Amino acid sequence: MTRLTIENLSAGYGGFAVLRDLSLDVSPGLTVIVGPNGAGKTTLLKAIAGLIPRGGRLLLDGTPVAPDASTSELVRRGVALVAEGRQLFPQMSVTENLELGGWLVPAAERAYRLKQAFADFPKLAERAAQLAGTMSGGEQQMVAVARAMMCAPTLLMLDEPSLGLAPRMVDELLAIARRIADAGTTVLMVEQNVRKALAVADRAHVLERGRLVAGGPADELARSAVIRQAYLGAP
Ligand code: ATP
C-alpha cells in the first residue's frame with residue numbers, strides 16, 4: 001500500500017513554470033485530480049513519472065526518489081503512467097503490447113503476469129491476437145492500463161482514462177481504476193469527467209493554474225458548493 005509524498009514540487013517547460021511549490025500526500029486508494037484545461041494536471045503526472053525535469057522532493061513510502069531519477073528507475077520503484085492518448089503499438093497484437101509492458105520483468109515472470117492480465121481483463125483475453133490499432137477507444141485504453149499493470153506497479157497514474165469514450169466505457173474504465181486501487185495499488189488519476197470521477201474516488205484535489213486550491217474526501221468535494229458550481233454544472 002504505497003504512499004507518495006510530494007514536497008514543494010516545481011515543473012514546467014523551458015523557462016516556463018507550470019507547477020510551483022506544490023505539496024500533496026497521495027495515500028493508498030484512489031485519488032483523483034481535477035481542474036480546468038491547462039491547469040497543469042498532465043504536467044504533474046509527467047513530473048512524477050520522471051518524463052520532465054522537476055524540483056522539490058518526491059518520497060515513496062518515506063524514501064526519497066533521486067531528483068534526476070529516470071523513468072526506468074521510477075518504473076523499477078513501482079511507478080507507472082498511462083499517458084493520455086494511450087501510446088500503444090497499433091501494428092502489434094494485444095499480447096505483444098502487454099509483453100512490451102513487462103520489459104523490465106524476467107521472462108518467466110512475464111508469462112505469469114500475462115496470464116494474470118488476461119484473467120483481470122477477460123475482454124482482452126478474447127482479443128489477444130487482435131492488432132491494438134484496430135480496437136475501439138475503450139478497448140485500447142484497457143490495453144494501456146493492462147500494459148502498465150504488467151510491471152506490477154505500486155503506484156499507477158492514469159491521465160484522463162475516459163477521454164473520448166462513450167459513457168458506458170467511461171464507467172467501465174473508472175470501475176477498473178477502482179478495482180486496481182481496491183486490490184492494493186495506489187492510483188492517482190487525472191480526470192475531466194468530474195462527476196463520475198468523484199463518485200469512484202476516495203480523495204480528490206482541484207488543480208487550478210498550477211496550484212492545488214481544494215482537496216479532501218471525494219464525497220465531501222462532490223457536495224461542496226464551489227465544486228458543484230465550477231465543475232458539476234450546478235446553479
Ligand atoms: P488538459 O486538461 O488540457 O490536458 P492539463 O491540466 O493537463 O490540461 P498541462 O497539459 O499540464 O495541463 O499543461 C499545463 C500548461 O503547460 C499549459 O499552459 C500548456 O500549454 C503547457 N504545456 C504543456 N505541455 C507543454 C510542452 N511540451 N511544452 C510547452 N508547454 C507545455
# chains A, B, ... in the order shown; residues from 1 in each chain; ligands from 1
>>> select_by_dssp(residues="region 78-220 of chain A", states="alpha helix (DSSP H)", output="PDB file with N, CA and C atoms, in the first residue's frame")
ATOM      1  N   VAL A  94      -2.540  -7.410 -29.066  1.00  0.00           N
ATOM      2  CA  VAL A  94      -2.749  -7.135 -27.645  1.00  0.00           C
ATOM      3  C   VAL A  94      -1.667  -7.833 -26.820  1.00  0.00           C
ATOM      4  N   THR A  95      -1.438  -9.110 -27.107  1.00  0.00           N
ATOM      5  CA  THR A  95      -0.424  -9.871 -26.356  1.00  0.00           C
ATOM      6  C   THR A  95       0.941  -9.198 -26.464  1.00  0.00           C
ATOM      7  N   GLU A  96       1.315  -8.798 -27.685  1.00  0.00           N
ATOM      8  CA  GLU A  96       2.640  -8.181 -27.870  1.00  0.00           C
ATOM      9  C   GLU A  96       2.740  -6.853 -27.120  1.00  0.00           C
ATOM     10  N   ASN A  97       1.667  -6.079 -27.147  1.00  0.00           N
ATOM     11  CA  ASN A  97       1.670  -4.820 -26.398  1.00  0.00           C
ATOM     12  C   ASN A  97       1.856  -5.090 -24.901  1.00  0.00           C
ATOM     13  N   LEU A  98       1.168  -6.098 -24.396  1.00  0.00           N
ATOM     14  CA  LEU A  98       1.286  -6.408 -22.964  1.00  0.00           C
ATOM     15  C   LEU A  98       2.692  -6.908 -22.639  1.00  0.00           C
ATOM     16  N   GLU A  99       3.232  -7.739 -23.517  1.00  0.00           N
ATOM     17  CA  GLU A  99       4.593  -8.258 -23.264  1.00  0.00           C
ATOM     18  C   GLU A  99       5.599  -7.110 -23.190  1.00  0.00           C
ATOM     19  N   LEU A 100       5.409  -6.111 -24.074  1.00  0.00           N
ATOM     20  CA  LEU A 100       6.322  -4.964 -24.034  1.00  0.00           C
ATOM     21  C   LEU A 100       6.190  -4.199 -22.724  1.00  0.00           C
ATOM     22  N   GLY A 101       4.982  -4.200 -22.170  1.00  0.00           N
ATOM     23  CA  GLY A 101       4.777  -3.548 -20.870  1.00  0.00           C
ATOM     24  C   GLY A 101       5.569  -4.220 -19.765  1.00  0.00           C
ATOM     25  N   ALA A 107      11.695 -13.017 -17.971  1.00  0.00           N
ATOM     26  CA  ALA A 107      10.806 -13.689 -18.927  1.00  0.00           C
ATOM     27  C   ALA A 107       9.811 -14.641 -18.256  1.00  0.00           C
ATOM     28  N   ALA A 108      10.284 -15.426 -17.304  1.00  0.00           N
ATOM     29  CA  ALA A 108       9.401 -16.421 -16.682  1.00  0.00           C
ATOM     30  C   ALA A 108       8.245 -15.724 -15.965  1.00  0.00           C
ATOM     31  N   GLU A 109       8.595 -14.650 -15.298  1.00  0.00           N
ATOM     32  CA  GLU A 109       7.557 -13.925 -14.561  1.00  0.00           C
ATOM     33  C   GLU A 109       6.620 -13.199 -15.534  1.00  0.00           C
ATOM     34  N   ARG A 110       7.187 -12.771 -16.650  1.00  0.00           N
ATOM     35  CA  ARG A 110       6.381 -12.061 -17.637  1.00  0.00           C
ATOM     36  C   ARG A 110       5.226 -12.943 -18.116  1.00  0.00           C
ATOM     37  N   ALA A 111       5.512 -14.223 -18.323  1.00  0.00           N
ATOM     38  CA  ALA A 111       4.466 -15.152 -18.782  1.00  0.00           C
ATOM     39  C   ALA A 111       3.366 -15.257 -17.735  1.00  0.00           C
ATOM     40  N   TYR A 112       3.779 -15.299 -16.483  1.00  0.00           N
ATOM     41  CA  TYR A 112       2.798 -15.371 -15.395  1.00  0.00           C
ATOM     42  C   TYR A 112       1.945 -14.097 -15.353  1.00  0.00           C
ATOM     43  N   ARG A 113       2.631 -12.969 -15.505  1.00  0.00           N
ATOM     44  CA  ARG A 113       1.913 -11.686 -15.456  1.00  0.00           C
ATOM     45  C   ARG A 113       0.917 -11.566 -16.614  1.00  0.00           C
ATOM     46  N   LEU A 114       1.323 -12.088 -17.767  1.00  0.00           N
ATOM     47  CA  LEU A 114       0.435 -12.028 -18.932  1.00  0.00           C
ATOM     48  C   LEU A 114      -0.836 -12.835 -18.648  1.00  0.00           C
ATOM     49  N   LYS A 115      -0.650 -14.010 -18.059  1.00  0.00           N
ATOM     50  CA  LYS A 115      -1.815 -14.833 -17.698  1.00  0.00           C
ATOM     51  C   LYS A 115      -2.717 -14.070 -16.738  1.00  0.00           C
ATOM     52  N   GLN A 116      -2.065 -13.430 -15.779  1.00  0.00           N
ATOM     53  CA  GLN A 116      -2.791 -12.653 -14.770  1.00  0.00           C
ATOM     54  C   GLN A 116      -3.556 -11.495 -15.434  1.00  0.00           C
ATOM     55  N   ALA A 117      -2.890 -10.829 -16.384  1.00  0.00           N
ATOM     56  CA  ALA A 117      -3.530  -9.688 -17.067  1.00  0.00           C
ATOM     57  C   ALA A 117      -4.789 -10.157 -17.797  1.00  0.00           C
ATOM     58  N   PHE A 118      -4.695 -11.310 -18.449  1.00  0.00           N
ATOM     59  CA  PHE A 118      -5.864 -11.805 -19.178  1.00  0.00           C
ATOM     60  C   PHE A 118      -6.958 -12.262 -18.207  1.00  0.00           C
ATOM     61  N   ALA A 119      -6.553 -12.716 -17.017  1.00  0.00           N
ATOM     62  CA  ALA A 119      -7.560 -13.079 -16.016  1.00  0.00           C
ATOM     63  C   ALA A 119      -8.248 -11.812 -15.495  1.00  0.00           C
ATOM     64  N   ASP A 120      -7.466 -10.749 -15.318  1.00  0.00           N
ATOM     65  CA  ASP A 120      -8.023  -9.493 -14.801  1.00  0.00           C
ATOM     66  C   ASP A 120      -8.847  -8.757 -15.858  1.00  0.00           C
ATOM     67  N   PRO A 122     -10.732  -9.985 -18.873  1.00  0.00           N
ATOM     68  CA  PRO A 122     -11.204 -11.062 -19.747  1.00  0.00           C
ATOM     69  C   PRO A 122     -11.548 -10.580 -21.159  1.00  0.00           C
ATOM     70  N   LYS A 123     -11.960  -9.323 -21.282  1.00  0.00           N
ATOM     71  CA  LYS A 123     -12.276  -8.798 -22.618  1.00  0.00           C
ATOM     72  C   LYS A 123     -11.044  -8.800 -23.512  1.00  0.00           C
ATOM     73  N   LEU A 124      -9.884  -8.603 -22.900  1.00  0.00           N
ATOM     74  CA  LEU A 124      -8.647  -8.588 -23.681  1.00  0.00           C
ATOM     75  C   LEU A 124      -8.226 -10.007 -24.035  1.00  0.00           C
ATOM     76  N   ALA A 125      -8.529 -10.953 -23.148  1.00  0.00           N
ATOM     77  CA  ALA A 125      -8.186 -12.347 -23.422  1.00  0.00           C
ATOM     78  C   ALA A 125      -8.886 -12.809 -24.697  1.00  0.00           C
ATOM     79  N   GLY A 137     -11.733   2.690 -28.932  1.00  0.00           N
ATOM     80  CA  GLY A 137     -11.014   3.559 -27.994  1.00  0.00           C
ATOM     81  C   GLY A 137     -11.003   2.992 -26.580  1.00  0.00           C
ATOM     82  N   GLY A 138     -12.140   2.490 -26.148  1.00  0.00           N
ATOM     83  CA  GLY A 138     -12.234   1.942 -24.794  1.00  0.00           C
ATOM     84  C   GLY A 138     -11.378   0.698 -24.622  1.00  0.00           C
ATOM     85  N   GLU A 139     -11.400  -0.156 -25.653  1.00  0.00           N
ATOM     86  CA  GLU A 139     -10.574  -1.374 -25.586  1.00  0.00           C
ATOM     87  C   GLU A 139      -9.092  -1.008 -25.559  1.00  0.00           C
ATOM     88  N   GLN A 140      -8.728  -0.004 -26.366  1.00  0.00           N
ATOM     89  CA  GLN A 140      -7.318   0.414 -26.386  1.00  0.00           C
ATOM     90  C   GLN A 140      -6.900   0.963 -25.018  1.00  0.00           C
ATOM     91  N   GLN A 141      -7.806   1.713 -24.399  1.00  0.00           N
ATOM     92  CA  GLN A 141      -7.487   2.248 -23.074  1.00  0.00           C
ATOM     93  C   GLN A 141      -7.289   1.095 -22.085  1.00  0.00           C
ATOM     94  N   MET A 142      -8.104   0.060 -22.250  1.00  0.00           N
ATOM     95  CA  MET A 142      -7.981  -1.110 -21.381  1.00  0.00           C
ATOM     96  C   MET A 142      -6.619  -1.791 -21.579  1.00  0.00           C
ATOM     97  N   VAL A 143      -6.196  -1.886 -22.846  1.00  0.00           N
ATOM     98  CA  VAL A 143      -4.879  -2.475 -23.131  1.00  0.00           C
ATOM     99  C   VAL A 143      -3.789  -1.633 -22.466  1.00  0.00           C
ATOM    100  N   ALA A 144      -3.942  -0.302 -22.565  1.00  0.00           N
ATOM    101  CA  ALA A 144      -2.918   0.584 -21.991  1.00  0.00           C
ATOM    102  C   ALA A 144      -2.825   0.385 -20.464  1.00  0.00           C
ATOM    103  N   VAL A 145      -3.971   0.225 -19.819  1.00  0.00           N
ATOM    104  CA  VAL A 145      -3.954   0.021 -18.363  1.00  0.00           C
ATOM    105  C   VAL A 145      -3.363  -1.354 -18.039  1.00  0.00           C
ATOM    106  N   ALA A 146      -3.800  -2.372 -18.785  1.00  0.00           N
ATOM    107  CA  ALA A 146      -3.279  -3.732 -18.548  1.00  0.00           C
ATOM    108  C   ALA A 146      -1.772  -3.771 -18.790  1.00  0.00           C
ATOM    109  N   ARG A 147      -1.316  -3.025 -19.799  1.00  0.00           N
ATOM    110  CA  ARG A 147       0.121  -2.991 -20.105  1.00  0.00           C
ATOM    111  C   ARG A 147       0.894  -2.370 -18.935  1.00  0.00           C
ATOM    112  N   ALA A 148       0.349  -1.283 -18.386  1.00  0.00           N
ATOM    113  CA  ALA A 148       1.028  -0.650 -17.243  1.00  0.00           C
ATOM    114  C   ALA A 148       1.065  -1.606 -16.044  1.00  0.00           C
ATOM    115  N   MET A 149       0.031  -2.424 -15.895  1.00  0.00           N
ATOM    116  CA  MET A 149      -0.024  -3.342 -14.748  1.00  0.00           C
ATOM    117  C   MET A 149       0.955  -4.505 -14.894  1.00  0.00           C
ATOM    118  N   PRO A 167     -20.153   6.837 -22.786  1.00  0.00           N
ATOM    119  CA  PRO A 167     -20.449   6.805 -21.351  1.00  0.00           C
ATOM    120  C   PRO A 167     -20.298   5.415 -20.703  1.00  0.00           C
ATOM    121  N   ARG A 168     -20.713   4.381 -21.382  1.00  0.00           N
ATOM    122  CA  ARG A 168     -20.628   3.046 -20.773  1.00  0.00           C
ATOM    123  C   ARG A 168     -19.165   2.618 -20.585  1.00  0.00           C
ATOM    124  N   MET A 169     -18.340   2.990 -21.578  1.00  0.00           N
ATOM    125  CA  MET A 169     -16.914   2.656 -21.467  1.00  0.00           C
ATOM    126  C   MET A 169     -16.243   3.499 -20.378  1.00  0.00           C
ATOM    127  N   VAL A 170     -16.712   4.745 -20.220  1.00  0.00           N
ATOM    128  CA  VAL A 170     -16.167   5.593 -19.146  1.00  0.00           C
ATOM    129  C   VAL A 170     -16.401   4.888 -17.817  1.00  0.00           C
ATOM    130  N   ASP A 171     -17.631   4.421 -17.613  1.00  0.00           N
ATOM    131  CA  ASP A 171     -17.959   3.726 -16.363  1.00  0.00           C
ATOM    132  C   ASP A 171     -17.065   2.503 -16.178  1.00  0.00           C
ATOM    133  N   GLU A 172     -16.845   1.788 -17.274  1.00  0.00           N
ATOM    134  CA  GLU A 172     -16.049   0.554 -17.177  1.00  0.00           C
ATOM    135  C   GLU A 172     -14.599   0.873 -16.804  1.00  0.00           C
ATOM    136  N   LEU A 173     -14.049   1.906 -17.444  1.00  0.00           N
ATOM    137  CA  LEU A 173     -12.658   2.275 -17.146  1.00  0.00           C
ATOM    138  C   LEU A 173     -12.512   2.767 -15.706  1.00  0.00           C
ATOM    139  N   LEU A 174     -13.472   3.562 -15.248  1.00  0.00           N
ATOM    140  CA  LEU A 174     -13.384   4.065 -13.873  1.00  0.00           C
ATOM    141  C   LEU A 174     -13.551   2.910 -12.877  1.00  0.00           C
ATOM    142  N   ALA A 175     -14.391   1.935 -13.254  1.00  0.00           N
ATOM    143  CA  ALA A 175     -14.555   0.759 -12.382  1.00  0.00           C
ATOM    144  C   ALA A 175     -13.248  -0.041 -12.322  1.00  0.00           C
ATOM    145  N   ILE A 176     -12.537  -0.088 -13.443  1.00  0.00           N
ATOM    146  CA  ILE A 176     -11.237  -0.780 -13.466  1.00  0.00           C
ATOM    147  C   ILE A 176     -10.255  -0.064 -12.529  1.00  0.00           C
ATOM    148  N   ALA A 177     -10.233   1.277 -12.596  1.00  0.00           N
ATOM    149  CA  ALA A 177      -9.339   2.045 -11.708  1.00  0.00           C
ATOM    150  C   ALA A 177      -9.678   1.750 -10.250  1.00  0.00           C
ATOM    151  N   ARG A 178     -10.958   1.703  -9.953  1.00  0.00           N
ATOM    152  CA  ARG A 178     -11.406   1.415  -8.574  1.00  0.00           C
ATOM    153  C   ARG A 178     -10.949   0.016  -8.145  1.00  0.00           C
ATOM    154  N   ARG A 179     -11.102  -0.933  -9.047  1.00  0.00           N
ATOM    155  CA  ARG A 179     -10.740  -2.332  -8.743  1.00  0.00           C
ATOM    156  C   ARG A 179      -9.230  -2.434  -8.474  1.00  0.00           C
ATOM    157  N   ILE A 180      -8.449  -1.736  -9.278  1.00  0.00           N
ATOM    158  CA  ILE A 180      -6.989  -1.781  -9.103  1.00  0.00           C
ATOM    159  C   ILE A 180      -6.620  -1.190  -7.739  1.00  0.00           C
ATOM    160  N   ALA A 181      -7.273  -0.082  -7.379  1.00  0.00           N
ATOM    161  CA  ALA A 181      -6.997   0.534  -6.070  1.00  0.00           C
ATOM    162  C   ALA A 181      -7.408  -0.412  -4.943  1.00  0.00           C
ATOM    163  N   ASP A 182      -8.544  -1.057  -5.093  1.00  0.00           N
ATOM    164  CA  ASP A 182      -9.017  -1.979  -4.050  1.00  0.00           C
ATOM    165  C   ASP A 182      -8.088  -3.180  -3.911  1.00  0.00           C
ATOM    166  N   VAL A 194     -15.664  14.965 -14.088  1.00  0.00           N
ATOM    167  CA  VAL A 194     -15.556  15.221 -12.649  1.00  0.00           C
ATOM    168  C   VAL A 194     -16.618  14.465 -11.847  1.00  0.00           C
ATOM    169  N   ARG A 195     -17.829  14.495 -12.325  1.00  0.00           N
ATOM    170  CA  ARG A 195     -18.913  13.862 -11.566  1.00  0.00           C
ATOM    171  C   ARG A 195     -18.629  12.371 -11.349  1.00  0.00           C
ATOM    172  N   LYS A 196     -18.295  11.694 -12.437  1.00  0.00           N
ATOM    173  CA  LYS A 196     -18.059  10.252 -12.337  1.00  0.00           C
ATOM    174  C   LYS A 196     -16.788   9.951 -11.551  1.00  0.00           C
ATOM    175  N   ALA A 197     -15.781  10.794 -11.735  1.00  0.00           N
ATOM    176  CA  ALA A 197     -14.512  10.551 -11.031  1.00  0.00           C
ATOM    177  C   ALA A 197     -14.707  10.700  -9.523  1.00  0.00           C
ATOM    178  N   LEU A 198     -15.458  11.736  -9.120  1.00  0.00           N
ATOM    179  CA  LEU A 198     -15.681  11.936  -7.680  1.00  0.00           C
ATOM    180  C   LEU A 198     -16.496  10.782  -7.094  1.00  0.00           C
ATOM    181  N   ALA A 199     -17.324  10.172  -7.921  1.00  0.00           N
ATOM    182  CA  ALA A 199     -18.167   9.072  -7.423  1.00  0.00           C
ATOM    183  C   ALA A 199     -17.351   7.804  -7.144  1.00  0.00           C
ATOM    184  N   VAL A 200     -16.224   7.611  -7.841  1.00  0.00           N
ATOM    185  CA  VAL A 200     -15.445   6.373  -7.610  1.00  0.00           C
ATOM    186  C   VAL A 200     -14.220   6.604  -6.727  1.00  0.00           C
ATOM    187  N   ALA A 218     -13.526  12.572  -1.548  1.00  0.00           N
ATOM    188  CA  ALA A 218     -14.211  12.850  -2.817  1.00  0.00           C
ATOM    189  C   ALA A 218     -15.695  13.129  -2.603  1.00  0.00           C
ATOM    190  N   ASP A 219     -16.329  12.408  -1.665  1.00  0.00           N
ATOM    191  CA  ASP A 219     -17.773  12.644  -1.489  1.00  0.00           C
ATOM    192  C   ASP A 219     -18.034  14.021  -0.895  1.00  0.00           C
ATOM    193  N   GLU A 220     -17.118  14.491  -0.048  1.00  0.00           N
ATOM    194  CA  GLU A 220     -17.292  15.849   0.511  1.00  0.00           C
ATOM    195  C   GLU A 220     -17.143  16.902  -0.577  1.00  0.00           C
TER     196      GLU A 220
END
>>> closest_atom_pairs(of="chain A", to="ligand 1", cutoff="6 Å", atoms="only C-alpha atoms and all ligand atoms", output="CSV")
residue,atom,partner,partner_atom_place_in_ligand_line,distance
A:Tyr13,CA,ligand 1,29 (C),4.9
A:Val18,CA,ligand 1,16 (O),5.5
A:Asn37,CA,ligand 1,3 (O),3.5
A:Gly38,CA,ligand 1,12 (O),3.5
A:Ala39,CA,ligand 1,6 (O),3.7
A:Gly40,CA,ligand 1,11 (O),3.1
A:Lys41,CA,ligand 1,6 (O),3.7
A:Thr42,CA,ligand 1,7 (O),3.6
A:Thr43,CA,ligand 1,11 (O),3.6
>>> write_last_selection(atoms="C-alpha atoms", output="CSV table (one decimal), in the first residue's frame")
chain,number,residue,atom,x,y,z
A,13,TYR,CA,8.7,23.5,-19.9
A,18,VAL,CA,3.6,25.3,-14.7
A,37,ASN,CA,-7.7,22.7,-19.2
A,38,GLY,CA,-4.1,23.9,-18.9
A,39,ALA,CA,-4.1,23.8,-15.1
A,40,GLY,CA,-1.0,21.5,-15.1
A,41,LYS,CA,-2.6,18.1,-14.4
A,42,THR,CA,-0.7,16.3,-17.1
A,43,THR,CA,2.4,18.2,-16.1
>>> closest_residue(among="A:Pro36, A:Gly15, A:Pro161, A:Gly56", to="Ala83 (chain A)", atoms="only C-alpha atoms")
A:Pro161
>>> closest_residue(among="A:Arg223, A:Lys46, A:Arg228, A:Arg3", to="Leu60 (chain A)", atoms="only C-alpha atoms")
A:Arg3
>>> residues_around(residues="Leu158 (chain A)", least_positions_apart="3", cutoff="7 Å", atoms="only C-alpha atoms", output="PyMOL selection string")
chain A and resi 81-83+161+188-190
>>> write_last_selection(atoms="N, CA, C and O atoms", output="short mmCIF file (atom, residue, chain, number, x, y, z; two decimals), in the first residue's frame")
data_model
loop_
_atom_site.label_atom_id
_atom_site.label_comp_id
_atom_site.auth_asym_id
_atom_site.auth_seq_id
_atom_site.Cartn_x
_atom_site.Cartn_y
_atom_site.Cartn_z
N LEU A 81 2.87 5.05 -15.48
CA LEU A 81 1.98 6.09 -16.00
C LEU A 81 1.30 5.60 -17.28
O LEU A 81 1.98 5.12 -18.19
N VAL A 82 -0.01 5.72 -17.32
CA VAL A 82 -0.73 5.52 -18.57
C VAL A 82 -1.02 6.91 -19.11
O VAL A 82 -1.88 7.62 -18.58
N ALA A 83 -0.26 7.31 -20.13
CA ALA A 83 -0.34 8.68 -20.63
C ALA A 83 -1.61 8.88 -21.43
O ALA A 83 -2.20 7.92 -21.94
N PRO A 161 -8.22 8.72 -18.36
CA PRO A 161 -8.53 7.42 -18.98
C PRO A 161 -9.83 7.42 -19.76
O PRO A 161 -9.99 6.61 -20.65
N LEU A 188 -3.41 7.23 -8.84
CA LEU A 188 -3.51 8.68 -8.95
C LEU A 188 -3.99 8.98 -10.37
O LEU A 188 -3.31 8.64 -11.34
N MET A 189 -5.17 9.57 -10.46
CA MET A 189 -5.83 9.70 -11.76
C MET A 189 -6.20 11.15 -12.03
O MET A 189 -6.73 11.84 -11.17
N VAL A 190 -5.91 11.60 -13.26
CA VAL A 190 -6.40 12.90 -13.73
C VAL A 190 -7.66 12.61 -14.54
O VAL A 190 -7.65 11.70 -15.37
#
>>> closest_residue(among="A:Gly29, A:Gly184, A:Gly12, A:Pro67", to="Gly210 (chain A)", atoms="only C-alpha atoms")
A:Gly12
>>> select_by_dssp(residues="region 45-91 of chain A", states="strand (DSSP E)", output="ChimeraX atom specification")
/A:54-60,63-64,79-82
>>> residues_around(residues="Ser70 (chain A)", least_positions_apart="5", cutoff="9 Å", atoms="only C-alpha atoms", output="PyMOL selection string")
chain A and resi 49-51+75
>>> closest_residue(among="A:Leu232, A:Leu22, A:Val187, A:Ile33", to="Val206 (chain A)", atoms="only C-alpha atoms")
A:Ile33
>>> atom_distance(atom1="CA of Pro90 (chain A)", atom2="CA of Leu131 (chain A)")
6.3 Å
>>> atom_distance(atom1="CA of Thr185 (chain A)", atom2="CA of Cys151 (chain A)")
11.6 Å
>>> decode(residues="region 30-46 of chain A", atoms="N, CA, C and O atoms", output="PDB file, in the first residue's frame")
ATOM      1  N   LEU A  30      -7.722   5.432  -4.198  1.00  0.00           N
ATOM      2  CA  LEU A  30      -7.887   6.106  -5.491  1.00  0.00           C
ATOM      3  C   LEU A  30      -8.024   7.609  -5.275  1.00  0.00           C
ATOM      4  O   LEU A  30      -8.973   8.078  -4.643  1.00  0.00           O
ATOM      5  N   THR A  31      -7.041   8.339  -5.803  1.00  0.00           N
ATOM      6  CA  THR A  31      -7.047   9.802  -5.693  1.00  0.00           C
ATOM      7  C   THR A  31      -7.240  10.385  -7.078  1.00  0.00           C
ATOM      8  O   THR A  31      -6.589   9.950  -8.032  1.00  0.00           O
ATOM      9  N   VAL A  32      -8.122  11.369  -7.189  1.00  0.00           N
ATOM     10  CA  VAL A  32      -8.331  11.995  -8.492  1.00  0.00           C
ATOM     11  C   VAL A  32      -7.939  13.466  -8.420  1.00  0.00           C
ATOM     12  O   VAL A  32      -8.124  14.126  -7.405  1.00  0.00           O
ATOM     13  N   ILE A  33      -7.335  13.937  -9.525  1.00  0.00           N
ATOM     14  CA  ILE A  33      -7.004  15.358  -9.676  1.00  0.00           C
ATOM     15  C   ILE A  33      -7.916  15.911 -10.763  1.00  0.00           C
ATOM     16  O   ILE A  33      -7.945  15.379 -11.879  1.00  0.00           O
ATOM     17  N   VAL A  34      -8.653  16.941 -10.412  1.00  0.00           N
ATOM     18  CA  VAL A  34      -9.494  17.583 -11.420  1.00  0.00           C
ATOM     19  C   VAL A  34      -9.064  19.041 -11.554  1.00  0.00           C
ATOM     20  O   VAL A  34      -8.335  19.563 -10.708  1.00  0.00           O
ATOM     21  N   GLY A  35      -9.535  19.683 -12.619  1.00  0.00           N
ATOM     22  CA  GLY A  35      -9.182  21.082 -12.826  1.00  0.00           C
ATOM     23  C   GLY A  35      -9.371  21.446 -14.278  1.00  0.00           C
ATOM     24  O   GLY A  35      -9.486  20.567 -15.128  1.00  0.00           O
ATOM     25  N   PRO A  36      -9.395  22.741 -14.569  1.00  0.00           N
ATOM     26  CA  PRO A  36      -9.647  23.175 -15.946  1.00  0.00           C
ATOM     27  C   PRO A  36      -8.498  22.825 -16.889  1.00  0.00           C
ATOM     28  O   PRO A  36      -7.403  22.464 -16.447  1.00  0.00           O
ATOM     29  N   ASN A  37      -8.764  22.951 -18.182  1.00  0.00           N
ATOM     30  CA  ASN A  37      -7.723  22.717 -19.186  1.00  0.00           C
ATOM     31  C   ASN A  37      -6.531  23.627 -18.921  1.00  0.00           C
ATOM     32  O   ASN A  37      -6.706  24.787 -18.582  1.00  0.00           O
ATOM     33  N   GLY A  38      -5.353  23.068 -19.085  1.00  0.00           N
ATOM     34  CA  GLY A  38      -4.146  23.871 -18.948  1.00  0.00           C
ATOM     35  C   GLY A  38      -3.721  24.134 -17.513  1.00  0.00           C
ATOM     36  O   GLY A  38      -2.756  24.853 -17.264  1.00  0.00           O
ATOM     37  N   ALA A  39      -4.407  23.534 -16.535  1.00  0.00           N
ATOM     38  CA  ALA A  39      -4.092  23.793 -15.127  1.00  0.00           C
ATOM     39  C   ALA A  39      -2.756  23.186 -14.712  1.00  0.00           C
ATOM     40  O   ALA A  39      -2.139  23.632 -13.741  1.00  0.00           O
ATOM     41  N   GLY A  40      -2.307  22.160 -15.449  1.00  0.00           N
ATOM     42  CA  GLY A  40      -1.049  21.517 -15.108  1.00  0.00           C
ATOM     43  C   GLY A  40      -1.202  20.083 -14.634  1.00  0.00           C
ATOM     44  O   GLY A  40      -0.262  19.487 -14.101  1.00  0.00           O
ATOM     45  N   LYS A  41      -2.363  19.493 -14.877  1.00  0.00           N
ATOM     46  CA  LYS A  41      -2.618  18.132 -14.382  1.00  0.00           C
ATOM     47  C   LYS A  41      -1.688  17.111 -15.039  1.00  0.00           C
ATOM     48  O   LYS A  41      -1.075  16.291 -14.367  1.00  0.00           O
ATOM     49  N   THR A  42      -1.598  17.202 -16.373  1.00  0.00           N
ATOM     50  CA  THR A  42      -0.704  16.276 -17.083  1.00  0.00           C
ATOM     51  C   THR A  42       0.745  16.534 -16.688  1.00  0.00           C
ATOM     52  O   THR A  42       1.532  15.592 -16.507  1.00  0.00           O
ATOM     53  N   THR A  43       1.082  17.796 -16.532  1.00  0.00           N
ATOM     54  CA  THR A  43       2.446  18.158 -16.134  1.00  0.00           C
ATOM     55  C   THR A  43       2.798  17.518 -14.791  1.00  0.00           C
ATOM     56  O   THR A  43       3.914  17.017 -14.598  1.00  0.00           O
ATOM     57  N   LEU A  44       1.841  17.495 -13.879  1.00  0.00           N
ATOM     58  CA  LEU A  44       2.067  16.886 -12.564  1.00  0.00           C
ATOM     59  C   LEU A  44       2.399  15.401 -12.719  1.00  0.00           C
ATOM     60  O   LEU A  44       3.392  14.914 -12.157  1.00  0.00           O
ATOM     61  N   LEU A  45       1.605  14.683 -13.501  1.00  0.00           N
ATOM     62  CA  LEU A  45       1.862  13.243 -13.671  1.00  0.00           C
ATOM     63  C   LEU A  45       3.200  13.009 -14.372  1.00  0.00           C
ATOM     64  O   LEU A  45       3.954  12.108 -13.993  1.00  0.00           O
ATOM     65  N   LYS A  46       3.499  13.836 -15.381  1.00  0.00           N
ATOM     66  CA  LYS A  46       4.770  13.668 -16.099  1.00  0.00           C
ATOM     67  C   LYS A  46       5.955  13.920 -15.174  1.00  0.00           C
ATOM     68  O   LYS A  46       6.981  13.246 -15.266  1.00  0.00           O
TER      69      LYS A  46
END
